[in-house]
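Chemist: Next up, upload_31.cif (mmCIF, C-alpha atoms).
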data_model
loop_
_atom_site.label_atom_id
_atom_site.label_comp_id
_atom_site.auth_asym_id
_atom_site.auth_seq_id
_atom_site.Cartn_x
_atom_site.Cartn_y
_atom_site.Cartn_z
CA MET A 1 -33.21 9.20 -10.95
CA GLU A 2 -36.07 9.20 -8.43
CA ILE A 3 -38.01 6.02 -7.79
CA ILE A 4 -41.18 7.49 -9.26
CA GLU A 5 -39.26 8.30 -12.47
CA ARG A 6 -37.99 4.72 -12.58
CA ILE A 7 -41.58 3.48 -12.16
CA TYR A 8 -42.73 5.50 -15.16
CA GLN A 9 -39.72 4.29 -17.13
CA LEU A 10 -40.60 0.68 -16.26
CA LEU A 11 -44.22 1.26 -17.28
CA GLU A 12 -42.97 2.25 -20.71
CA GLU A 13 -40.33 -0.50 -20.98
CA LYS A 14 -42.73 -3.24 -19.87
CA ASP A 15 -45.62 -1.85 -21.95
CA ARG A 16 -47.83 -1.55 -18.89
CA ARG A 17 -50.30 1.15 -17.91
CA ALA A 18 -50.35 3.27 -14.77
CA TYR A 19 -53.93 2.25 -13.98
CA GLU A 20 -52.83 -1.43 -13.91
CA LEU A 21 -50.19 -0.63 -11.33
CA CYS A 22 -52.68 1.43 -9.33
CA GLU A 23 -55.08 -1.53 -9.31
CA ALA A 24 -52.28 -3.79 -8.06
CA LEU A 25 -51.54 -1.27 -5.29
CA SER A 26 -55.24 -0.64 -4.52
CA ILE A 27 -54.77 3.11 -4.94
CA ARG A 28 -56.37 5.74 -7.15
CA THR A 29 -54.58 6.89 -10.27
CA SER A 30 -54.66 10.42 -8.83
CA THR A 31 -52.40 9.22 -6.00
CA MET A 32 -49.77 8.11 -8.48
CA SER A 33 -50.18 11.33 -10.46
CA THR A 34 -49.56 13.28 -7.25
CA TRP A 35 -46.36 11.31 -6.64
CA LYS A 36 -45.18 12.20 -10.12
CA ALA A 37 -46.17 15.88 -9.97
CA ARG A 38 -44.51 16.40 -6.61
CA THR A 39 -41.63 14.03 -7.44
CA ASN A 40 -42.49 12.14 -4.27
CA ASP A 41 -41.59 8.49 -4.09
CA PRO A 42 -44.30 6.01 -3.14
CA PRO A 43 -44.39 4.93 0.51
CA ALA A 44 -42.23 1.97 1.46
CA ARG A 45 -45.26 -0.29 1.98
CA TYR A 46 -45.83 -0.30 -1.81
CA MET A 47 -42.28 -1.08 -2.92
CA LYS A 48 -42.48 -4.90 -2.83
CA THR A 49 -45.77 -4.92 -4.76
CA ILE A 50 -44.34 -2.51 -7.33
CA SER A 51 -41.17 -4.57 -7.83
CA ASP A 52 -43.27 -7.75 -8.20
CA PHE A 53 -45.59 -5.99 -10.66
CA PHE A 54 -42.65 -5.16 -12.91
CA GLY A 55 -40.71 -8.36 -12.24
CA VAL A 56 -37.66 -6.47 -10.97
CA SER A 57 -35.78 -6.67 -7.69
CA LEU A 58 -36.27 -4.17 -4.90
CA ASP A 59 -32.63 -3.19 -5.39
CA TYR A 60 -33.33 -2.27 -8.99
CA LEU A 61 -36.48 -0.37 -8.11
CA LEU A 62 -34.71 1.63 -5.40
CA THR A 63 -31.31 2.20 -7.02
CA GLY A 64 -31.61 1.35 -10.71
CA GLN A 65 -28.97 -1.37 -10.27
CA GLU A 66 -29.24 -5.03 -9.49
CA ALA A 67 -27.51 -6.13 -6.30
CA PRO A 68 -24.54 -8.43 -6.71
CA VAL A 69 -25.37 -12.09 -6.30
CA ARG A 70 -24.47 -13.28 -2.84
CA LYS A 71 -22.63 -16.54 -2.65
CA ASN A 72 -24.02 -18.97 -0.09
CA THR A 73 -21.68 -21.91 -0.63
CA THR A 74 -18.16 -22.74 0.48
CA GLN A 75 -15.31 -23.53 -1.91
CA GLU A 76 -15.62 -27.22 -1.02
CA GLU A 77 -19.36 -27.19 -1.77
CA ASP A 78 -18.70 -25.46 -5.09
CA THR A 79 -16.16 -28.16 -5.97
CA LEU A 80 -18.62 -30.94 -5.08
CA LEU A 81 -21.34 -29.29 -7.14
CA GLU A 82 -19.03 -28.84 -10.12
CA LEU A 83 -17.99 -32.51 -9.95
CA PHE A 84 -21.61 -33.62 -9.58
CA ARG A 85 -22.70 -31.55 -12.59
CA SER A 86 -19.93 -33.07 -14.71
CA LEU A 87 -21.34 -36.59 -14.19
CA PRO A 88 -23.60 -38.16 -16.82
CA GLU A 89 -27.25 -38.03 -15.74
CA HIS A 90 -27.54 -41.75 -14.92
CA LYS A 91 -24.39 -41.57 -12.77
CA LYS A 92 -25.82 -38.71 -10.72
CA TYR A 93 -28.49 -41.00 -9.26
CA GLU A 94 -25.87 -43.65 -8.54
CA TYR A 95 -23.67 -41.07 -6.80
CA ILE A 96 -26.58 -39.82 -4.67
CA GLY A 97 -27.24 -43.42 -3.57
CA GLU A 98 -23.57 -43.91 -2.71
CA LEU A 99 -23.49 -40.67 -0.76
CA LYS A 100 -26.59 -41.63 1.23
CA GLY A 101 -24.97 -44.99 2.02
CA PHE A 102 -21.78 -43.27 3.14
CA LEU A 103 -23.73 -40.88 5.37
CA LYS A 104 -25.67 -43.75 6.94
CA ALA A 105 -22.44 -45.70 7.66
CA TYR A 106 -20.80 -42.59 9.11
CA THR A 107 -23.79 -41.88 11.35
CA GLU A 108 -23.79 -45.48 12.56
CA SER A 109 -20.06 -45.37 13.34
CA GLN A 110 -20.50 -42.21 15.42
CA ARG A 111 -22.99 -43.94 17.73
CA TYR A 112 -20.18 -46.03 19.23
CA LEU A 113 -17.89 -43.14 20.13
CA ASP A 114 -17.92 -41.42 23.49
CA ASP A 115 -17.48 -37.68 24.07
CA GLU A 116 -13.69 -37.95 23.59
CA LYS A 117 -14.23 -39.81 20.30
CA ARG A 118 -13.01 -43.09 21.78
CA LEU A 119 -14.67 -46.37 20.93
CA SER A 120 -17.17 -47.34 23.59
CA VAL A 121 -19.57 -50.23 23.59
#
I need this file expressed as structure tokens, please.

Modeler:
Amino acid sequence: MEIIERIYQLLEEKDRRAYELCEALSIRTSTMSTWKARTNDPPARYMKTISDFFGVSLDYLLTGQEAPVRKNTTQEEDTLLELFRSLPEHKKYEYIGELKGFLKAYTESQRYLDDEKRLSV
């Protein structure tokens, strides 16, 4: 499916009108009609505005499929987050305080180590 076909499909699915999209793009409706008649896709400069207009990702607009979610955390971070989420709400604040205290103590202890990690005063 061409991008322009997907745009018209989204107009129907989202119950939107072509003139609304044209206003968002600051183009004439005849421009969009020309894209459809010639089965030309809109220029790249319009793609982000079009995806925002429909509330879809650029991946979906371009390919018809959502991109897989990219994971930005390590296994250890996932474990910490899972443990944190399992705490009762009032314990979460207590844990955050404890963690801040631990970090402060660790930072302080590192001030007294030299480059070889030996204690120096």

Chemist: Neighbours of Ser33 of chain A within 10 Å (only C-alpha atoms; same-chain residues fewer than 6 positions away dropped), as a PyMOL selection string?

Modeler: chain A and resi 4+18+39-40

Chemist: Provide the atom CA of Gln65 of chain A to atom CA of Arg38 of chain A distance in Å, to one decimal place.

Modeler: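 Those two atoms sit 23.9 Å apart.
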
Chemist: Could you tell me which residues the PyMOL selection byres ((chain A and resi 44-54) around 8) returns for this structure, as a count of residues only?

Modeler: 13

Chemist: For each of A:Asp114, A:Asp41, A:Leu99, A:Gln9, take the minimum atom-to-atom distance to Phe84 of chain A, counting only C-alpha atoms, then give the residue where this is smallest.

Modeler: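 Of A:Asp114, A:Asp41, A:Leu99, A:Gln9, the one nearest Phe84 of chain A, counting only C-alpha atoms, is A:Leu99.
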
Chemist: Just the number, please: distance in Å from atom CA of Ile3 of chain A to atom CA of Lys71 of chain A, one decimal.

Modeler: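 For atom CA of Ile3 of chain A relative to atom CA of Lys71 of chain A, the distance reads 27.8 Å.
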
Chemist: What is the distance, in Å and to one decimal place, between atom CA of Arg17 of chain A and atom CA of Met32 of chain A?

Modeler: 11.7 Å

Chemist: Write out as AutoDock Vina command-line options an axis-aligned box for segment 46-64 of chain A: all of its atoms listed in the file, 4 Å added on each side, centre and edge lengths in Å with one decimal.

Modeler:
--center_x -38.6 --center_y -3.1 --center_z -7.4 --size_x 22.5 --size_y 18.6 --size_z 19.1
